[in-house]
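Undergrad: File follows, entry19.cif with mmCIF, C-alpha atoms:
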data_input
#
loop_
_atom_site.label_atom_id
_atom_site.label_comp_id
_atom_site.auth_asym_id
_atom_site.auth_seq_id
_atom_site.Cartn_x
_atom_site.Cartn_y
_atom_site.Cartn_z
CA MET A 126 116.72 -37.57 -38.12
CA THR A 127 120.22 -36.64 -39.19
CA GLN A 128 122.32 -34.84 -36.58
CA LEU A 129 123.40 -31.50 -37.97
CA LEU A 130 124.95 -29.64 -35.05
CA ALA A 131 126.28 -30.78 -31.68
CA THR A 132 128.36 -29.56 -28.76
CA HIS A 133 130.49 -31.81 -26.59
CA GLY A 134 131.42 -30.59 -23.12
CA LEU A 135 131.32 -26.99 -24.37
CA GLN A 136 132.98 -24.51 -22.02
CA ALA A 137 133.17 -20.74 -22.39
CA TRP A 138 135.06 -18.04 -20.54
CA TYR A 139 135.03 -14.26 -20.27
CA GLY A 140 138.54 -13.63 -19.04
CA ASP A 141 138.86 -15.54 -15.76
CA ALA A 142 135.09 -15.98 -15.38
CA GLN A 143 133.65 -19.23 -16.67
CA ALA A 144 130.22 -18.88 -18.31
CA LEU A 145 129.51 -22.39 -19.66
CA PHE A 146 130.36 -25.63 -17.87
CA GLY A 147 130.33 -28.63 -20.20
CA ILE A 148 127.26 -28.14 -22.40
CA ASP A 149 126.21 -31.24 -24.37
CA PHE A 150 123.68 -30.35 -27.06
CA GLU A 151 122.45 -31.86 -30.29
CA LEU A 152 120.31 -30.60 -33.11
CA ALA A 153 118.81 -32.67 -35.91
CA LYS A 154 118.18 -31.39 -39.41
CA GLY A 155 114.78 -29.71 -39.64
CA GLU A 156 114.28 -29.27 -35.89
CA LEU A 157 113.32 -26.13 -34.01
CA VAL A 158 114.91 -26.35 -30.56
CA ALA A 159 114.44 -23.76 -27.80
CA VAL A 160 117.01 -22.84 -25.17
CA ILE A 161 115.47 -21.32 -22.06
CA GLY A 162 116.76 -20.07 -18.73
CA ALA A 163 116.88 -17.07 -16.45
CA ASN A 164 119.06 -14.00 -17.03
CA GLY A 165 122.72 -14.94 -16.74
CA ALA A 166 122.10 -18.66 -17.35
CA GLY A 167 124.45 -18.69 -20.34
CA LYS A 168 121.93 -18.78 -23.19
CA SER A 169 123.38 -15.94 -25.26
CA THR A 170 126.93 -17.12 -24.58
CA PHE A 171 125.96 -20.52 -25.92
CA LEU A 172 124.70 -19.04 -29.20
CA LYS A 173 127.75 -16.79 -29.47
CA CYS A 174 130.00 -19.86 -29.18
CA LEU A 175 128.09 -21.53 -32.00
CA ALA A 176 128.39 -18.37 -34.11
CA GLY A 177 132.11 -17.89 -33.48
CA LEU A 178 131.76 -14.75 -31.36
CA VAL A 179 133.02 -16.40 -28.17
CA ARG A 180 136.02 -18.69 -28.31
CA ALA A 181 135.54 -22.43 -27.88
CA LYS A 182 137.76 -25.46 -28.29
CA ARG A 183 137.71 -26.74 -31.86
CA GLU A 184 136.37 -30.20 -30.98
CA ALA A 185 133.66 -28.82 -28.65
CA ILE A 186 131.37 -27.79 -31.54
CA GLU A 187 130.58 -30.07 -34.47
CA PHE A 188 128.66 -29.04 -37.57
CA LYS A 189 127.90 -31.58 -40.30
CA GLY A 190 130.54 -33.87 -38.88
CA GLU A 191 133.33 -31.27 -38.80
CA ALA A 192 134.82 -29.58 -35.74
CA ILE A 193 134.20 -25.82 -35.99
CA GLY A 194 134.77 -24.51 -32.46
CA GLY A 195 136.82 -21.33 -32.43
CA LEU A 196 136.59 -20.67 -36.17
CA PRO A 197 136.17 -17.00 -37.16
CA ALA A 198 132.58 -15.82 -37.25
CA GLY A 199 132.76 -15.06 -40.98
CA GLU A 200 133.87 -18.60 -41.72
CA ILE A 201 131.03 -20.03 -39.65
CA VAL A 202 128.47 -17.94 -41.59
CA ARG A 203 129.95 -19.18 -44.86
CA ARG A 204 129.57 -22.75 -43.61
CA GLY A 205 125.88 -22.20 -42.96
CA LEU A 206 125.16 -20.89 -39.45
CA ALA A 207 123.66 -17.42 -39.05
CA LEU A 208 122.90 -15.50 -35.85
CA VAL A 209 120.05 -13.10 -35.19
CA PRO A 210 121.73 -11.28 -32.29
CA GLU A 211 120.11 -10.04 -29.13
CA GLY A 212 119.34 -6.34 -29.53
CA ARG A 213 119.18 -6.70 -33.33
CA ARG A 214 122.50 -4.91 -33.99
CA LEU A 215 121.48 -3.22 -37.25
CA PHE A 216 123.96 -1.03 -39.10
CA PRO A 217 122.74 2.50 -38.23
CA SER A 218 124.19 4.14 -41.34
CA LEU A 219 122.41 1.73 -43.72
CA SER A 220 118.87 1.59 -45.00
CA VAL A 221 116.58 -1.36 -44.39
CA GLU A 222 117.42 -2.85 -47.77
CA GLU A 223 121.14 -2.26 -47.35
CA ASN A 224 121.04 -4.03 -43.98
CA LEU A 225 119.31 -6.97 -45.62
CA LEU A 226 121.81 -7.08 -48.48
CA MET A 227 124.67 -7.29 -45.98
CA GLY A 228 123.37 -10.74 -45.08
CA GLY A 229 123.68 -11.89 -48.67
CA LEU A 230 127.40 -11.16 -49.01
CA THR A 231 128.23 -14.82 -48.37
CA ARG A 232 126.69 -15.68 -51.77
CA ARG A 233 125.38 -18.98 -50.39
CA ALA A 234 122.83 -20.60 -52.65
CA GLY A 235 119.31 -20.98 -51.29
CA PRO A 236 115.69 -19.84 -51.42
CA TRP A 237 116.04 -16.54 -49.54
CA ASN A 238 116.40 -13.26 -51.41
CA LEU A 239 114.92 -9.76 -51.17
CA GLU A 240 111.76 -10.72 -53.03
CA ARG A 241 111.10 -13.63 -50.73
CA LEU A 242 111.77 -11.56 -47.60
CA TYR A 243 109.49 -8.75 -48.73
CA ALA A 244 106.74 -11.30 -49.27
CA LEU A 245 107.27 -12.55 -45.71
CA PHE A 246 107.48 -9.06 -44.16
CA PRO A 247 105.72 -6.60 -46.53
CA ILE A 248 106.36 -3.65 -44.19
CA LEU A 249 110.09 -3.97 -44.92
CA GLN A 250 109.53 -3.42 -48.62
CA GLU A 251 107.45 -0.35 -47.82
CA LYS A 252 110.26 1.03 -45.66
CA ARG A 253 113.21 -0.36 -47.62
CA HIS A 254 114.84 3.04 -48.22
CA VAL A 255 114.65 4.41 -44.66
CA PRO A 256 117.42 3.90 -42.06
CA GLY A 257 117.02 0.53 -40.39
CA THR A 258 117.38 1.97 -36.91
CA SER A 259 114.49 4.40 -37.49
CA LEU A 260 111.97 1.55 -37.48
CA SER A 261 109.96 0.31 -34.52
CA GLY A 262 111.51 -2.41 -32.37
CA GLY A 263 109.42 -5.12 -34.00
CA GLN A 264 110.27 -3.96 -37.50
CA GLN A 265 113.96 -3.84 -36.61
CA GLN A 266 113.67 -7.43 -35.41
CA MET A 267 112.22 -8.36 -38.79
CA VAL A 268 115.23 -6.73 -40.47
CA ALA A 269 117.65 -8.61 -38.21
CA LEU A 270 115.86 -11.87 -38.93
CA GLY A 271 115.78 -11.12 -42.65
CA ARG A 272 119.48 -10.22 -42.72
CA ALA A 273 120.32 -13.63 -41.26
CA LEU A 274 118.03 -15.41 -43.72
CA MET A 275 119.69 -13.61 -46.62
CA SER A 276 122.83 -15.67 -45.93
CA ASN A 277 120.72 -18.78 -46.69
CA PRO A 278 121.90 -20.64 -43.58
CA GLU A 279 121.31 -24.28 -42.79
CA VAL A 280 120.97 -23.37 -39.10
CA LEU A 281 119.35 -20.14 -37.91
CA LEU A 282 120.33 -19.04 -34.39
CA CYS A 283 117.83 -16.60 -32.85
CA ASP A 284 118.75 -14.80 -29.63
CA GLU A 285 115.78 -13.36 -27.70
CA LEU A 286 113.47 -12.62 -30.63
CA SER A 287 110.73 -11.36 -28.34
CA LEU A 288 112.83 -9.26 -25.95
CA GLY A 289 111.27 -5.84 -25.36
CA LEU A 290 108.53 -6.27 -27.96
CA ALA A 291 104.78 -5.90 -27.57
CA PRO A 292 102.80 -9.18 -27.48
CA ILE A 293 101.11 -8.50 -30.82
CA VAL A 294 104.49 -7.96 -32.48
CA ILE A 295 105.89 -11.14 -30.90
CA ARG A 296 102.98 -13.11 -32.34
CA GLU A 297 103.58 -11.60 -35.77
CA ILE A 298 107.27 -12.54 -35.75
CA TYR A 299 106.66 -16.07 -34.55
CA ALA A 300 103.84 -16.43 -37.11
CA ALA A 301 106.58 -16.20 -39.75
CA MET A 302 108.40 -19.26 -38.37
CA PRO A 303 106.39 -21.89 -40.30
CA ALA A 304 107.33 -20.16 -43.56
CA ILE A 305 110.98 -20.26 -42.49
CA THR A 306 111.08 -23.84 -41.21
CA GLY A 307 108.90 -25.00 -44.11
CA GLU A 308 111.96 -24.81 -46.34
CA GLY A 309 113.71 -27.35 -44.11
CA MET A 310 115.50 -24.69 -42.09
CA THR A 311 116.90 -25.86 -38.76
CA VAL A 312 116.41 -23.32 -35.95
CA VAL A 313 117.68 -22.71 -32.42
CA ILE A 314 115.85 -20.02 -30.46
CA VAL A 315 116.87 -18.55 -27.13
CA GLU A 316 113.68 -17.42 -25.45
CA GLN A 317 112.76 -16.23 -21.95
CA ASP A 318 109.03 -16.67 -22.65
CA VAL A 319 108.70 -20.34 -21.66
CA THR A 320 105.13 -20.65 -22.92
CA MET A 321 106.14 -19.40 -26.37
CA ALA A 322 109.24 -21.61 -26.37
CA GLN A 323 107.15 -24.71 -25.66
CA ARG A 324 104.59 -23.74 -28.28
CA VAL A 325 106.96 -23.29 -31.20
CA SER A 326 109.70 -25.88 -30.52
CA GLN A 327 110.01 -29.64 -30.73
CA ARG A 328 112.59 -29.88 -27.92
CA ILE A 329 113.80 -27.68 -25.08
CA TYR A 330 117.10 -27.28 -23.27
CA CYS A 331 117.03 -25.35 -20.01
CA LEU A 332 120.26 -23.75 -18.81
CA GLN A 333 120.99 -22.76 -15.22
CA GLU A 334 124.26 -21.10 -14.25
CA GLY A 335 126.01 -22.33 -17.38
CA ARG A 336 124.86 -25.95 -17.17
CA VAL A 337 122.04 -27.95 -18.76
CA SER A 338 119.47 -28.40 -16.00
CA LEU A 339 116.76 -30.03 -18.13
CA GLN A 340 116.17 -31.24 -21.66
CA GLY A 341 113.33 -33.05 -23.35
CA ARG A 342 110.45 -32.92 -25.79
CA SER A 343 108.54 -29.67 -25.48
CA ASP A 344 105.14 -31.38 -25.37
CA GLN A 345 106.22 -33.76 -22.60
CA LEU A 346 107.90 -31.42 -20.11
CA THR A 347 105.64 -30.29 -17.28
CA HIS A 348 105.37 -26.81 -15.82
CA SER A 349 106.77 -28.17 -12.55
CA GLN A 350 109.80 -29.72 -14.25
CA ILE A 351 110.55 -26.53 -16.14
CA SER A 352 110.12 -24.32 -13.05
CA GLN A 353 112.51 -26.46 -11.04
CA ALA A 354 115.10 -26.48 -13.82
CA TYR A 355 114.66 -22.76 -14.55
CA PHE A 356 114.83 -21.47 -10.97
CA GLY A 357 116.61 -24.33 -9.21
CA VAL A 358 113.86 -24.72 -6.61
#
Could you show the structure in this file as structure tokens?
TA:
Amino acid sequence: MTQLLATHGLQAWYGDAQALFGIDFELAKGELVAVIGANGAGKSTFLKCLAGLVRAKREAIEFKGEAIGGLPAGEIVRRGLALVPEGRRLFPSLSVEENLLMGGLTRRAGPWNLERLYALFPILQEKRHVPGTSLSGGQQQMVALGRALMSNPEVLLCDELSLGLAPIVIREIYAAMPAITGEGMTVVIVEQDVTMAQRVSQRIYCLQEGRVSLQGRSDQLTHSQISQAYFGV
């Protein structure tokens, strides 16, 4: 498979505190890769670096053969990476549909538009005129996911899709993934639910204290290997 995205010795800092220590990562076109790890392992920081929200050295992140580390977030979206942020981060003054339309401002060509999103998540069409933040947590997550898809990205970065949601809602959101990846979409998910991460992904990276502690095919990694990498015991 063709390599689409990679990091090379990626480091990240918050002031004087280092959060990532030399992350090497690669993602092939059409893959769904999961990044797992305990709280504070660096998972969200890693996605924020890819999305341009945390500074990185230019050569540390490569997308389609070009160095993109440290580029402004808006430029990275225009190039084809979109983030579904932890906590959803909807615009509180906008309706559901207006939040979705914000994702389409890049004018990137692709299969995703309002009609397609409403077919994927019919409840959003029903509630399209109400404030996005008035929805349930699961419905807000659908809006956040839809907003990212509206930019027609080549790589979708999903940060903690299941965080704080009921199990039935988590299943509903992940049930939409085949329709998303079926278009050839490449996806990175950060997920604390290891069982779900293994189920939906082809490969897994485990982070521990800002370093890669384990990587491999999801169907080949054992519970013992993952536990040791996850907890360091």
Undergrad: Ranking A:Ala322, A:Glu200, A:Ala269, A:Val255 by minimum distance to A:Leu219 and counting all atoms listed in the file, which one comes first?
TA: A:Val255
Undergrad: Determine, counting all atoms listed in the file, which protein, DNA and RNA residues have an atom within 12 Å of an atom of A:Pro303; residues of the same chain fewer than 5 positions away are not included. Present the result as a PDB file with C-alpha atoms, in the coordinates of the input.
TA:
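Dumped everything to result.pdb:
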ATOM      1  CA  GLY A 155     114.780 -29.710 -39.640  1.00  0.00           C
ATOM      2  CA  GLU A 156     114.280 -29.270 -35.890  1.00  0.00           C
ATOM      3  CA  LEU A 157     113.320 -26.130 -34.010  1.00  0.00           C
ATOM      4  CA  LEU A 245     107.270 -12.550 -45.710  1.00  0.00           C
ATOM      5  CA  GLU A 297     103.580 -11.600 -35.770  1.00  0.00           C
ATOM      6  CA  ILE A 298     107.270 -12.540 -35.750  1.00  0.00           C
ATOM      7  CA  GLU A 308     111.960 -24.810 -46.340  1.00  0.00           C
ATOM      8  CA  GLY A 309     113.710 -27.350 -44.110  1.00  0.00           C
ATOM      9  CA  MET A 310     115.500 -24.690 -42.090  1.00  0.00           C
ATOM     10  CA  THR A 311     116.900 -25.860 -38.760  1.00  0.00           C
ATOM     11  CA  VAL A 312     116.410 -23.320 -35.950  1.00  0.00           C
ATOM     12  CA  VAL A 325     106.960 -23.290 -31.200  1.00  0.00           C
ATOM     13  CA  SER A 326     109.700 -25.880 -30.520  1.00  0.00           C
TER      14      SER A 326
END
Undergrad: Quick one: residues within 9 Å of A:Leu274, only C-alpha atoms, excluding same-chain residues fewer than 3 positions away - as a short mmCIF file (atom, residue, chain, number, x, y, z; two decimals) with C-alpha atoms, in the coordinates of the input?
TA:
data_model
loop_
_atom_site.label_atom_id
_atom_site.label_comp_id
_atom_site.auth_asym_id
_atom_site.auth_seq_id
_atom_site.Cartn_x
_atom_site.Cartn_y
_atom_site.Cartn_z
CA ALA A 207 123.66 -17.42 -39.05
CA LEU A 225 119.31 -6.97 -45.62
CA GLY A 228 123.37 -10.74 -45.08
CA GLY A 229 123.68 -11.89 -48.67
CA TRP A 237 116.04 -16.54 -49.54
CA ASN A 238 116.40 -13.26 -51.41
CA LEU A 242 111.77 -11.56 -47.60
CA ALA A 269 117.65 -8.61 -38.21
CA LEU A 270 115.86 -11.87 -38.93
CA GLY A 271 115.78 -11.12 -42.65
CA ASN A 277 120.72 -18.78 -46.69
CA PRO A 278 121.90 -20.64 -43.58
CA LEU A 281 119.35 -20.14 -37.91
CA ILE A 305 110.98 -20.26 -42.49
#
Undergrad: Could you tell me which residues the PyMOL selection byres ((chain A and resi 161-169) around 8) grabs in this file, written as a list in words?
TA: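 Written out, the selection comes to Ala144, Leu145, Ala159, Val160, Thr170, Phe171, Leu172, Lys173, Glu211, Asp284, Val315, Glu316, Gln317, Asp318, Val319, Ala322, Ile329, Tyr330, Cys331, Leu332, Gln333, Glu334, Gly335, Arg336, Tyr355 and Phe356 of chain A.
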Undergrad: With the PyMOL selection byres ((chain A and resi 175) around 9) as the selection, what would be picked from this file? Answer as a PyMOL selection string, please.
TA: chain A and resi 132+170-174+176-179+181+186+193-195+198+201+206+208+282
Undergrad: Would you mind telling me which residue in A:Val280, A:Gln266, A:Gly289, A:Thr347 lies nearest to A:Phe188 when using all atoms listed in the file?
TA: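 Nearest candidate to A:Phe188 out of A:Val280, A:Gln266, A:Gly289, A:Thr347: A:Val280.
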Undergrad: Could you give me, as a list of chain:residue names, the residues within 6 Å of stretch 127-130 of chain A, counting all atoms listed in the file and dropping anything in the same chain fewer than 4 positions from it?
TA: A:Glu151, A:Leu152, A:Ala153, A:Lys154, A:Glu187, A:Phe188, A:Lys189
Undergrad: Which one of A:Ser352, A:Gln327, A:Ser276, A:Gln136 sits closest to A:Ala185 if you count all atoms listed in the file?
TA: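 So, comparing all the options, the nearest one is A:Gln136.
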Undergrad: Quick one, how far is atom CA of A:Phe216 from atom CA of A:Pro197?
TA: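 Here the two named atoms are 20.2 Å from each other.
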Undergrad: Provide the atom CA of A:Ala304 to atom CA of A:Pro236 distance in Å, to one decimal place.
TA: 11.5 Å
Undergrad: Which residue out of A:Gln143, A:Gln250, A:Thr258, A:Gln265 has the minimum interatomic distance to A:Val294 when all atoms listed in the file are used?
TA: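 Of A:Gln143, A:Gln250, A:Thr258, A:Gln265, the one nearest A:Val294 is A:Gln265, counting all atoms listed in the file.
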Undergrad: Mind giving me the straight-line distance from atom CA of A:Leu288 to atom CA of A:Met321 in Å, one decimal?
TA: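 Rounded to one decimal, the two atoms are 12.2 Å apart.
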Undergrad: Which of these, A:Ser218, A:Ser338, A:Asn224, A:Thr231, has the shortest distance to A:Arg204 once you count all atoms listed in the file?
TA: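 Smallest distance to A:Arg204 is found for A:Thr231.
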